[in-house]
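Structure below is data.cif: mmCIF, C-alpha atoms.
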```
data_structure
loop_
_atom_site.label_atom_id
_atom_site.label_comp_id
_atom_site.auth_asym_id
_atom_site.auth_seq_id
_atom_site.Cartn_x
_atom_site.Cartn_y
_atom_site.Cartn_z
CA MET A 24 19.11 74.62 -53.93
CA ARG A 25 22.02 75.51 -51.63
CA LYS A 26 25.54 76.91 -52.05
CA ASN A 27 28.70 74.91 -51.61
CA PRO A 28 30.72 77.15 -49.29
CA LEU A 29 34.02 75.91 -50.70
CA ARG A 30 33.31 76.23 -54.39
CA ASP A 31 30.64 78.89 -54.52
CA GLU A 32 28.44 76.69 -56.68
CA THR A 33 24.91 75.41 -56.38
CA VAL A 34 24.47 71.79 -55.09
CA ALA A 35 21.17 69.88 -55.40
CA PRO A 36 19.85 68.34 -52.17
CA PRO A 37 19.71 64.48 -52.06
CA SER A 38 16.53 62.98 -53.46
CA ALA A 39 14.08 61.02 -51.31
CA LEU A 40 15.34 57.75 -52.86
CA GLU A 41 18.94 58.63 -52.07
CA ARG A 42 17.99 59.47 -48.48
CA THR A 43 16.16 56.16 -47.83
CA VAL A 44 18.08 53.49 -49.79
CA THR A 45 21.40 52.33 -48.43
CA PRO A 46 23.36 49.85 -50.55
CA VAL A 47 23.92 46.50 -48.77
CA THR A 48 27.16 44.73 -49.58
CA PRO A 49 27.16 40.91 -49.64
CA ASN A 50 29.17 39.61 -46.71
CA ARG A 51 30.39 36.41 -45.10
CA ALA A 52 27.71 36.50 -42.39
CA GLY A 53 24.99 36.54 -45.03
CA GLY A 54 26.58 33.62 -46.88
CA LEU A 55 27.00 31.51 -43.77
CA GLY A 56 23.46 32.30 -42.67
CA LEU A 57 22.12 31.16 -46.04
CA LEU A 58 24.09 27.90 -46.10
CA GLY A 59 23.15 27.23 -42.49
CA SER A 60 19.49 27.56 -43.50
CA ILE A 61 19.86 25.34 -46.56
CA VAL A 62 21.43 22.35 -44.74
CA PRO A 63 18.30 21.40 -42.72
CA ALA A 64 16.13 22.16 -45.77
CA LEU A 65 18.28 19.76 -47.83
CA CYS A 66 18.01 16.97 -45.22
CA GLY A 67 14.27 17.51 -44.95
CA LEU A 68 13.83 17.43 -48.73
CA LEU A 69 15.83 14.23 -49.10
CA ALA A 70 13.90 12.40 -46.36
CA SER A 71 10.49 13.77 -47.45
CA GLY A 72 11.27 12.85 -51.04
CA ALA A 73 12.18 9.28 -50.04
CA LEU A 74 8.89 8.91 -48.15
CA LEU A 75 6.95 10.40 -51.06
CA VAL A 76 8.59 8.01 -53.55
CA ASP A 77 7.71 5.01 -51.36
CA LEU A 78 4.15 6.28 -50.95
CA MET A 79 3.65 6.33 -54.72
CA ARG A 80 5.10 2.86 -55.36
CA ALA A 81 3.59 -0.54 -54.70
CA ARG A 82 6.98 -1.71 -53.46
CA PRO A 83 8.92 0.49 -51.03
CA VAL A 84 12.45 1.36 -52.04
CA PHE A 85 13.84 3.21 -49.03
CA CYS A 86 11.72 2.03 -46.09
CA ALA A 87 11.78 -1.52 -44.78
CA GLU A 88 8.46 -3.31 -45.19
CA GLY A 89 6.64 -3.88 -41.92
CA GLY A 90 8.81 -1.38 -40.00
CA GLY A 91 8.23 2.02 -38.48
CA CYS A 92 7.46 3.57 -41.88
CA ASP A 93 4.47 1.26 -42.31
CA ALA A 94 3.26 2.00 -38.78
CA VAL A 95 3.33 5.75 -39.42
CA LYS A 96 1.77 5.32 -42.89
CA GLN A 97 -1.22 3.55 -41.34
CA SER A 98 -1.66 6.06 -38.49
CA ALA A 99 -4.31 8.77 -38.30
CA PHE A 100 -1.88 11.62 -38.94
CA SER A 101 -0.33 10.19 -42.13
CA ALA A 102 -2.57 12.30 -44.39
CA PRO A 103 -4.07 15.38 -42.71
CA LEU A 104 -7.03 16.71 -44.73
CA GLY A 105 -6.38 13.90 -47.19
CA ILE A 106 -2.97 15.30 -48.19
CA PRO A 107 -0.07 12.84 -47.74
CA LEU A 108 2.30 14.08 -45.06
CA PRO A 109 5.44 13.53 -47.22
CA LEU A 110 3.96 15.84 -49.87
CA ILE A 111 3.31 18.51 -47.24
CA GLY A 112 6.87 18.09 -46.00
CA THR A 113 8.35 18.40 -49.49
CA LEU A 114 6.37 21.56 -50.28
CA GLY A 115 7.14 23.00 -46.85
CA PHE A 116 10.90 22.58 -47.20
CA ILE A 117 10.79 24.08 -50.70
CA ALA A 118 9.00 27.12 -49.26
CA ILE A 119 11.56 27.41 -46.45
CA GLY A 120 14.38 27.16 -49.00
CA VAL A 121 12.87 29.91 -51.15
CA ALA A 122 12.45 32.16 -48.09
CA ALA A 123 16.05 31.46 -47.06
CA LEU A 124 17.31 32.45 -50.53
CA THR A 125 15.37 35.73 -50.59
CA PRO A 126 17.23 38.72 -49.08
CA GLY A 127 15.65 41.20 -46.68
CA ARG A 128 14.05 41.46 -43.26
CA ARG A 129 10.62 40.36 -44.50
CA ALA A 130 12.10 37.22 -46.00
CA ARG A 131 13.81 36.47 -42.67
CA LEU A 132 10.44 36.85 -40.91
CA ALA A 133 8.82 34.51 -43.46
CA GLN A 134 11.64 31.99 -43.00
CA LEU A 135 11.26 32.18 -39.22
CA PHE A 136 7.48 31.74 -39.41
CA LEU A 137 7.64 28.78 -41.81
CA SER A 138 10.51 27.09 -39.99
CA GLY A 139 8.92 27.69 -36.60
CA ALA A 140 5.64 26.13 -37.71
CA ALA A 141 7.51 23.18 -39.22
CA GLY A 142 9.55 22.74 -36.04
CA LEU A 143 6.43 22.65 -33.85
CA VAL A 144 4.85 20.08 -36.17
CA GLY A 145 8.09 18.07 -36.07
CA LEU A 146 8.05 17.98 -32.27
CA ALA A 147 4.42 16.86 -32.29
CA LEU A 148 5.09 14.11 -34.84
CA ILE A 149 8.08 12.77 -32.92
CA ALA A 150 5.84 12.56 -29.84
CA GLU A 151 3.18 10.70 -31.85
CA GLN A 152 5.76 8.20 -33.12
CA ALA A 153 6.88 7.62 -29.55
CA LYS A 154 3.26 6.84 -28.62
CA LEU A 155 3.04 4.35 -31.50
CA GLY A 156 6.16 2.60 -30.24
CA ASP A 157 7.58 2.56 -33.78
CA LEU A 158 10.02 5.12 -35.14
CA CYS A 159 10.17 5.79 -38.88
CA PRO A 160 13.83 6.75 -39.53
CA PHE A 161 13.00 8.97 -42.49
CA CYS A 162 10.20 10.69 -40.54
CA CYS A 163 12.66 11.36 -37.72
CA VAL A 164 15.07 13.00 -40.18
CA VAL A 165 12.23 15.17 -41.54
CA ASP A 166 11.08 16.21 -38.06
CA GLY A 167 14.61 16.78 -36.79
CA SER A 168 15.42 18.89 -39.85
CA ALA A 169 12.34 21.03 -39.24
CA ILE A 170 13.37 21.65 -35.63
CA LEU A 171 16.96 22.46 -36.62
CA GLY A 172 15.70 24.76 -39.38
CA ALA A 173 13.64 26.71 -36.86
CA LEU A 174 16.69 27.22 -34.65
CA VAL A 175 18.80 28.39 -37.60
CA ALA A 176 16.06 30.79 -38.77
CA ALA A 177 15.77 32.29 -35.27
CA THR A 178 19.55 32.75 -35.08
CA ARG A 179 19.70 34.34 -38.52
CA MET A 180 16.92 36.77 -37.57
CA ALA A 181 18.58 37.71 -34.29
CA VAL A 182 22.13 38.17 -35.61
CA ASP A 183 21.55 40.23 -38.76
CA PRO A 184 18.29 39.92 -40.69
CA ASP A 185 19.54 42.31 -43.38
CA ALA A 186 22.77 40.42 -44.15
CA VAL A 187 23.10 39.54 -47.84
CA ALA A 188 24.84 36.48 -49.27
CA GLY A 189 27.17 36.69 -52.24
CA ARG A 190 26.35 35.11 -55.59
CA GLY A 191 28.57 32.10 -54.94
CA TYR A 192 26.62 31.25 -51.79
CA VAL A 193 23.31 31.77 -53.58
CA TYR A 194 24.27 29.51 -56.50
CA ALA A 195 25.53 26.84 -54.08
CA ALA A 196 22.26 27.01 -52.15
CA ILE A 197 20.12 26.73 -55.29
CA GLY A 198 22.16 23.75 -56.48
CA THR A 199 21.86 22.09 -53.08
CA LEU A 200 18.07 22.43 -53.08
CA GLY A 201 17.99 21.02 -56.62
CA VAL A 202 19.93 17.98 -55.45
CA GLY A 203 17.50 17.52 -52.57
CA LEU A 204 14.56 17.47 -54.98
CA ALA A 205 16.09 15.27 -57.67
CA ALA A 206 18.05 12.73 -55.61
CA PRO A 207 15.19 10.58 -54.13
CA PRO A 208 13.48 9.68 -57.45
CA LEU A 209 16.83 9.15 -59.18
CA LEU A 210 18.08 6.91 -56.35
CA ALA A 211 14.79 5.01 -56.36
CA PHE A 212 15.17 4.33 -60.07
CA ALA A 213 18.76 3.14 -59.62
CA MET A 214 18.01 0.98 -56.56
CA ASN A 215 14.75 -0.51 -57.78
CA SER A 216 15.42 -1.17 -61.43
CA VAL A 217 14.36 -4.70 -62.34
CA PRO A 218 17.37 -6.82 -63.40
CA LYS A 219 17.55 -7.81 -67.06
CA ALA A 220 17.30 -11.51 -66.14
CA ILE A 221 13.89 -10.84 -64.60
CA ARG A 222 12.76 -8.47 -67.36
CA ASP A 223 13.57 -11.16 -69.93
CA GLU A 224 11.27 -13.60 -68.13
CA MET A 225 8.53 -10.97 -67.79
CA ALA A 226 8.73 -10.31 -71.52
CA GLN A 227 7.77 -13.94 -72.20
CA THR A 228 4.64 -13.76 -70.05
CA PRO A 229 1.29 -13.14 -71.79
CA LYS A 230 -0.35 -9.76 -71.30
CA GLY A 231 -2.56 -9.66 -68.21
CA ALA A 232 -0.56 -12.37 -66.45
CA VAL A 233 2.19 -12.13 -63.84
CA THR A 234 5.63 -13.72 -63.88
CA VAL A 235 6.79 -15.47 -60.71
CA VAL A 236 10.49 -16.33 -60.73
CA ASP A 237 11.37 -18.69 -57.90
CA PHE A 238 15.10 -19.23 -57.20
CA VAL A 239 15.24 -22.53 -55.32
CA ASP A 240 17.45 -25.00 -53.51
CA PHE A 241 15.47 -28.12 -52.59
CA GLU A 242 17.60 -28.75 -49.51
CA CYS A 243 17.27 -25.20 -48.15
CA PRO A 244 14.89 -25.31 -45.15
CA TYR A 245 13.59 -21.78 -45.78
CA CYS A 246 12.96 -22.58 -49.44
CA ARG A 247 10.90 -25.52 -48.27
CA MET A 248 8.93 -23.36 -45.86
CA THR A 249 8.27 -20.73 -48.50
CA HIS A 250 7.23 -23.31 -51.11
CA ALA A 251 4.53 -24.56 -48.72
CA GLU A 252 3.14 -21.00 -48.58
CA LEU A 253 3.70 -20.05 -52.24
CA ASP A 254 2.26 -23.15 -53.88
CA PRO A 255 -1.39 -22.62 -52.83
CA VAL A 256 -1.16 -18.90 -53.62
CA VAL A 257 0.03 -19.59 -57.17
CA GLU A 258 -2.48 -22.42 -57.57
CA SER A 259 -5.38 -20.10 -56.74
CA HIS A 260 -4.38 -17.83 -59.64
CA LYS A 261 -2.82 -20.42 -61.96
CA ASP A 262 -4.63 -19.11 -65.05
CA ARG A 263 -2.85 -15.74 -64.69
CA VAL A 264 0.53 -16.77 -63.30
CA ARG A 265 3.57 -17.97 -65.19
CA LEU A 266 5.86 -19.71 -62.70
CA VAL A 267 9.55 -20.04 -63.54
CA ARG A 268 11.81 -22.10 -61.27
CA VAL A 269 15.50 -21.32 -61.42
CA GLN A 270 17.84 -23.89 -59.87
CA VAL A 271 20.38 -22.50 -57.41
CA PRO A 272 21.72 -25.53 -55.51
CA LEU A 273 24.05 -24.23 -52.82
CA ARG A 274 27.42 -25.97 -52.69
CA SER A 275 27.11 -26.21 -48.92
CA HIS A 276 24.09 -28.52 -49.30
CA PRO A 277 25.29 -32.05 -50.19
CA HIS A 278 22.02 -33.20 -51.80
CA ALA A 279 20.95 -29.96 -53.47
CA LEU A 280 22.69 -30.61 -56.81
CA ASP A 281 21.12 -34.07 -57.25
CA ALA A 282 17.70 -32.61 -56.47
CA ALA A 283 18.30 -29.79 -58.97
CA ARG A 284 19.15 -32.33 -61.69
CA ALA A 285 15.97 -34.23 -60.86
CA ALA A 286 13.92 -31.02 -61.03
CA CYS A 287 15.40 -30.08 -64.42
CA CYS A 288 14.67 -33.50 -65.83
CA GLY A 289 11.15 -33.58 -64.42
CA GLU A 290 10.54 -30.22 -66.13
CA GLN A 291 12.08 -31.41 -69.40
CA LEU A 292 9.91 -34.53 -69.35
CA GLY A 293 6.69 -32.59 -68.73
CA ARG A 294 6.29 -33.16 -64.99
CA GLY A 295 8.03 -30.09 -63.57
CA ASP A 296 5.41 -29.00 -61.02
CA GLU A 297 4.82 -32.53 -59.76
CA MET A 298 8.56 -33.18 -59.46
CA ALA A 299 9.18 -29.92 -57.59
CA ALA A 300 6.36 -30.61 -55.15
CA ALA A 301 7.62 -34.17 -54.56
CA LEU A 302 11.22 -33.04 -54.02
CA PHE A 303 10.15 -30.38 -51.53
CA SER A 304 8.16 -32.94 -49.55
CA THR A 305 10.88 -35.63 -49.62
CA PRO A 306 13.09 -35.76 -46.49
CA VAL A 307 16.37 -34.00 -47.14
CA GLU A 308 18.44 -37.09 -46.38
CA SER A 309 16.57 -38.95 -49.15
CA LEU A 310 17.53 -36.48 -51.89
CA THR A 311 20.31 -38.77 -53.08
CA PRO A 312 20.60 -39.86 -56.72
CA GLN A 313 18.75 -43.06 -55.85
CA GLY A 314 16.16 -41.20 -53.78
CA CYS A 315 15.51 -38.67 -56.55
CA GLU A 316 15.12 -41.49 -59.07
CA ALA A 317 12.57 -43.13 -56.77
CA VAL A 318 10.67 -39.81 -56.65
CA ALA A 319 10.66 -39.65 -60.46
CA GLN A 320 9.39 -43.19 -60.70
CA ARG A 321 6.67 -42.49 -58.11
CA ILE A 322 5.23 -39.55 -60.04
CA GLY A 323 5.23 -41.43 -63.33
CA VAL A 324 8.28 -40.07 -65.14
CA PRO A 325 9.63 -42.63 -67.70
CA ILE A 326 12.64 -43.94 -65.84
CA ALA A 327 14.85 -44.61 -68.88
CA ASP A 328 14.31 -41.08 -70.15
CA TYR A 329 14.93 -39.72 -66.65
CA ARG A 330 18.26 -41.55 -66.32
CA ALA A 331 19.39 -40.33 -69.73
CA CYS A 332 18.48 -36.75 -68.82
CA VAL A 333 20.33 -36.87 -65.47
CA ALA A 334 23.46 -38.19 -67.20
CA ASP A 335 23.26 -35.65 -70.04
CA PRO A 336 25.93 -32.90 -69.68
CA SER A 337 23.35 -30.34 -70.86
CA THR A 338 21.49 -30.81 -67.58
CA SER A 339 24.54 -29.75 -65.56
CA ALA A 340 25.05 -26.90 -68.02
CA ARG A 341 21.45 -25.77 -67.42
CA ILE A 342 22.08 -25.65 -63.66
CA GLU A 343 25.24 -23.60 -64.11
CA SER A 344 23.27 -21.27 -66.38
CA ASP A 345 20.60 -20.92 -63.68
CA ARG A 346 23.26 -20.07 -61.10
CA ALA A 347 24.55 -17.38 -63.44
CA ARG A 348 21.01 -15.99 -63.85
CA PHE A 349 20.72 -15.79 -60.09
CA LYS A 350 23.89 -13.71 -59.88
CA ALA A 351 22.82 -11.56 -62.83
CA ALA A 352 19.57 -10.83 -61.00
CA GLY A 353 21.54 -9.56 -58.01
CA GLY A 354 20.72 -12.64 -55.95
CA HIS A 355 22.58 -13.07 -52.69
CA ALA A 356 20.34 -15.20 -50.46
CA LEU A 357 17.74 -17.95 -50.68
CA PRO A 358 14.86 -18.14 -51.00
CA THR A 359 14.52 -15.26 -53.46
CA ILE A 360 11.26 -14.80 -55.33
CA TRP A 361 10.32 -12.17 -57.89
CA ILE A 362 6.58 -11.59 -58.28
CA GLY A 363 6.35 -9.25 -61.21
CA ASP A 364 8.77 -6.44 -60.41
CA HIS A 365 8.67 -7.08 -56.66
CA GLU A 366 11.56 -8.96 -55.06
CA LEU A 367 11.04 -11.00 -51.89
CA ILE A 368 14.05 -12.33 -50.00
CA GLY A 369 13.89 -14.84 -47.16
CA ALA A 370 11.08 -17.00 -45.83
CA GLN A 371 7.66 -15.48 -46.60
CA SER A 372 4.23 -15.87 -45.09
CA ARG A 373 1.21 -16.81 -47.19
CA ALA A 374 -0.40 -13.46 -46.40
CA ALA A 375 2.62 -11.51 -47.66
CA LEU A 376 2.84 -13.57 -50.85
CA SER A 377 -0.91 -13.23 -51.48
CA LYS A 378 -0.79 -9.45 -51.08
CA VAL A 379 2.15 -8.99 -53.45
CA LEU A 380 0.63 -11.28 -56.07
CA ALA A 381 -2.78 -9.60 -55.79
CA ASP A 382 -1.15 -6.19 -56.32
CA ALA A 383 0.81 -7.47 -59.30
CA LEU A 384 -2.31 -9.03 -60.85
CA ALA A 385 -4.23 -5.78 -60.36
CA ARG A 386 -1.49 -3.82 -62.16
CA ALA A 387 -1.26 -6.42 -64.95
CA GLY A 388 -5.02 -6.27 -65.50
CA SER A 389 -5.21 -2.48 -65.62
#
```

Here is a file; write its structure as structure tokens.
Amino acid sequence: MRKNPLRDETVAPPSALERTVTPVTPNRAGGLGLLGSIVPALCGLLASGALLVDLMRARPVFCAEGGGCDAVKQSAFSAPLGIPLPLIGTLGFIAIGVAALTPGRRARLAQLFLSGAAGLVGLALIAEQAKLGDLCPFCCVVDGSAILGALVAATRMAVDPDAVAGRGYVYAAIGTLGVGLAAPPLLAFAMNSVPKAIRDEMAQTPKGAVTVVDFVDFECPYCRMTHAELDPVVESHKDRVRLVRVQVPLRSHPHALDAARAACCGEQLGRGDEMAAALFSTPVESLTPQGCEAVAQRIGVPIADYRACVADPSTSARIESDRARFKAAGGHALPTIWIGDHELIGAQSRAALSKVLADALARAGS
């Protein structure tokens, strides 16, 4: 105990805790340092999450099929130690975010270590992509975010490792990281939801089989090309495939509407597949009303019934209904084919169609 010379009273010396602990007041530097750390973590989480979602789905949502994402996915470094790289990236950015949120010098050291390691890996992966000659845009965002995060962590450590962020900054950072985690799966669900028009057709397909919805225009050259590739693929699995043709005759094609009427009537009269095959193989200039009637006669459709069907207003109404189904399914280009829940737009190769159908059949049989 010691005397206070002014008051002549005894004053207790400061305790050990009072001598060693100095209150740290939240300040602007701490808040800016935290938000600066969270921005690259957010970008990395979003891109890693998108890659992880695509990895877990049979049909990619974010990455273009056959692009740089596929090239990286098939490379040797796509799953080190058997762990998918997008999963490592997601967990790594979560760890960096947690370290960034934690106050104190040790947390700054942990953030610097984690971010530095991620940045070095990012540089190496960018170099590997350059060697492949294919750049995955989402991978580049992940790698770039890791490098940027390392620079921010180093700056934060050098400027003031003990700076503390206010509650508002902390809550904003936590919310931002939550968005980074939740956004990719939510966006994938919104972007890849199967349209009701397709779901309705799938609901009519027996269990264990796959629905193939083919939106067609018999005058469209790419529809013709795709039919030549699709037909043998469907035929090889005909016992487990329900094929639905939806007529979408483009108004820019002068003979498409007559061919669509012929296809509808061939289907109504029990010769739909034969009529479709014959129309696809008939020269475009011959798809006139007379030419389509000759096709019907050639494949054995009763000609009187065919003529009555073509003239029936319900046939034109069916075509307009099919056009509406195409729009309801989000259609915007031909050919468009749905194999199960997988949409294919544009001319397709036999190999691509076979792979998608095989995947759909495997899922339907499981």

Would you list the contacts of Arg128 (chain A) as JSON, numbers by chain, taking every protein, DNA or RNA residue within 8 Å and counting all atoms listed in the file, but skipping same-chain residues closer than 5 positions in sequence?
-> {"A": [180, 184, 185]}

The residue from A:Leu146, A:Ala300, A:Gly363, A:Cys287 with the smallest atom-to-atom distance to Ala334 (chain A), counting only C-alpha atoms, is A:Cys287

Go ahead and fit an axis-aligned box to every listed atom of region 99-106 of chain A plus 8 Å each side, and pass me the centre and edge lengths in Å, one decimal, as JSON.
```
{"center_x": -3.7, "center_y": 12.7, "center_z": -43.2, "size_x": 22.7, "size_y": 23.9, "size_z": 25.9}
```

Would you write out, as number ranges by chain, every residue that the PyMOL selection byres ((chain A and resi 142) around 9) captures in this file?
-> A: 137-141, 143-147, 166-174

Excluding Ala285 (chain A) and any residue of its chain fewer than 4 positions from it, enumerate the residues within 8 Å of it, using only C-alpha atoms, and give them as a list in words.
-> Asp281, Gly289, Met298, Cys315, Glu316, Ala319 and Val333 of chain A

Keeping C-alpha atoms for every residue in the selection just given, could you write it to a file as a short mmCIF file (atom, residue, chain, number, x, y, z; two decimals), in the coordinates of the input?
```cif
data_model
loop_
_atom_site.label_atom_id
_atom_site.label_comp_id
_atom_site.auth_asym_id
_atom_site.auth_seq_id
_atom_site.Cartn_x
_atom_site.Cartn_y
_atom_site.Cartn_z
CA ASP A 281 21.12 -34.07 -57.25
CA GLY A 289 11.15 -33.58 -64.42
CA MET A 298 8.56 -33.18 -59.46
CA CYS A 315 15.51 -38.67 -56.55
CA GLU A 316 15.12 -41.49 -59.07
CA ALA A 319 10.66 -39.65 -60.46
CA VAL A 333 20.33 -36.87 -65.47
#
```

Distance criterion (only C-alpha atoms): nearest to Ser275 (chain A) out of A:Cys243, A:Ser71, A:Glu290, A:Phe303 =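 Under the stated criterion, the closest residue is A:Cys243.
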
If you count only C-alpha atoms, which residues fall within 10 Å of region 73-75 of chain A, apart from same-chain ones fewer than 2 positions away, as a PyMOL selection string?
-> chain A and resi 67-71+77-80+83-86+92+96+107-113+159+161-162+165+204+206-208+210-211

May I ask for the distance between CA of Pro336 (chain A) and CA of His278 (chain A), given in Å to one decimal place?
->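 Distance between the two atoms: 18.3 Å.
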
What lies within 12 Å of Met248 (chain A) using all atoms listed in the file, ignoring chain neighbours under 4 positions off, as a PyMOL selection string?
-> chain A and resi 239-244+252-254+303-304+357-358+369-373

Point out the residue among A:Arg179, A:His260, A:Arg265, A:His365 with the least atom-to-atom distance to Pro218 (chain A), counting all atoms listed in the file.
->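 Closest candidate: A:His365.
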
Kindly extract all protein, DNA and RNA residues lying within 9 Å of the coordinates (3.8, 8.0, -35.3) given in the file, considering all atoms listed in the file, and supply them as an mmCIF file with C-alpha atoms, in the frame of the given file.
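Result written to out04.cif:
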```cif
data_model
loop_
_atom_site.group_PDB
_atom_site.id
_atom_site.type_symbol
_atom_site.label_atom_id
_atom_site.label_comp_id
_atom_site.auth_asym_id
_atom_site.auth_seq_id
_atom_site.Cartn_x
_atom_site.Cartn_y
_atom_site.Cartn_z
ATOM 1 C CA GLY A 91 8.230 2.020 -38.480
ATOM 2 C CA CYS A 92 7.460 3.570 -41.880
ATOM 3 C CA ALA A 94 3.260 2.000 -38.780
ATOM 4 C CA VAL A 95 3.330 5.750 -39.420
ATOM 5 C CA LYS A 96 1.770 5.320 -42.890
ATOM 6 C CA SER A 98 -1.660 6.060 -38.490
ATOM 7 C CA ALA A 99 -4.310 8.770 -38.300
ATOM 8 C CA PHE A 100 -1.880 11.620 -38.940
ATOM 9 C CA SER A 101 -0.330 10.190 -42.130
ATOM 10 C CA LEU A 148 5.090 14.110 -34.840
ATOM 11 C CA ILE A 149 8.080 12.770 -32.920
ATOM 12 C CA ALA A 150 5.840 12.560 -29.840
ATOM 13 C CA GLU A 151 3.180 10.700 -31.850
ATOM 14 C CA GLN A 152 5.760 8.200 -33.120
ATOM 15 C CA ALA A 153 6.880 7.620 -29.550
ATOM 16 C CA LYS A 154 3.260 6.840 -28.620
ATOM 17 C CA LEU A 155 3.040 4.350 -31.500
ATOM 18 C CA GLY A 156 6.160 2.600 -30.240
ATOM 19 C CA ASP A 157 7.580 2.560 -33.780
ATOM 20 C CA LEU A 158 10.020 5.120 -35.140
ATOM 21 C CA CYS A 159 10.170 5.790 -38.880
ATOM 22 C CA CYS A 162 10.200 10.690 -40.540
#
```

Return as a ChimeraX atom specification the set of residues that the PyMOL selection byres ((chain A and resi 384) around 12) yields on the displayed structure.
-> /A:230-235,257,260-265,362-365,377-383,385-389

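We find CA of Leu209 (chain A) and CA of Pro103 (chain A) to be spaced 27.3 Å apart.
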
Residue with smallest distance to Ile368 (chain A) - pool A:Val236, A:Arg268, A:Pro49, A:Ala299, counting only C-alpha atoms =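 Under the stated criterion, the closest residue is A:Val236.
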
Pairwise distance for CA of Leu273 (chain A) and CA of Ala352 (chain A), rounded to one decimal in Å =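 Distance reported for this atom pair: 16.3 Å.
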
Would you pick out the contacts of Val269 (chain A) at 10 Å or less, using all atoms listed in the file, so that residues sharing its chain but fewer than 2 positions from it are not included, and give the list as an mmCIF file with C-alpha atoms, in the coordinates of the input?
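out_38.cif was written with the following content:
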```cif
data_model
loop_
_atom_site.group_PDB
_atom_site.id
_atom_site.type_symbol
_atom_site.label_atom_id
_atom_site.label_comp_id
_atom_site.auth_asym_id
_atom_site.auth_seq_id
_atom_site.Cartn_x
_atom_site.Cartn_y
_atom_site.Cartn_z
ATOM 1 C CA VAL A 236 10.490 -16.330 -60.730
ATOM 2 C CA ASP A 237 11.370 -18.690 -57.900
ATOM 3 C CA PHE A 238 15.100 -19.230 -57.200
ATOM 4 C CA VAL A 239 15.240 -22.530 -55.320
ATOM 5 C CA ASP A 240 17.450 -25.000 -53.510
ATOM 6 C CA LEU A 266 5.860 -19.710 -62.700
ATOM 7 C CA VAL A 267 9.550 -20.040 -63.540
ATOM 8 C CA VAL A 271 20.380 -22.500 -57.410
ATOM 9 C CA PRO A 272 21.720 -25.530 -55.510
ATOM 10 C CA ALA A 283 18.300 -29.790 -58.970
ATOM 11 C CA ALA A 286 13.920 -31.020 -61.030
ATOM 12 C CA CYS A 287 15.400 -30.080 -64.420
ATOM 13 C CA ARG A 341 21.450 -25.770 -67.420
ATOM 14 C CA ILE A 342 22.080 -25.650 -63.660
ATOM 15 C CA SER A 344 23.270 -21.270 -66.380
ATOM 16 C CA ASP A 345 20.600 -20.920 -63.680
ATOM 17 C CA ARG A 346 23.260 -20.070 -61.100
ATOM 18 C CA ARG A 348 21.010 -15.990 -63.850
ATOM 19 C CA PHE A 349 20.720 -15.790 -60.090
ATOM 20 C CA ILE A 360 11.260 -14.800 -55.330
#
```

Using only C-alpha atoms, pick whichever of A:Thr125, A:Ala186, A:Ala374, A:Thr48 has the shortest atom-to-atom distance to Pro255 (chain A).
-> A:Ala374

Could you tell me which of A:Ala118, A:Gly295, A:Cys163, A:Gly203 comes closest to Cys66 (chain A) if we count all atoms listed in the file?
-> A:Gly203
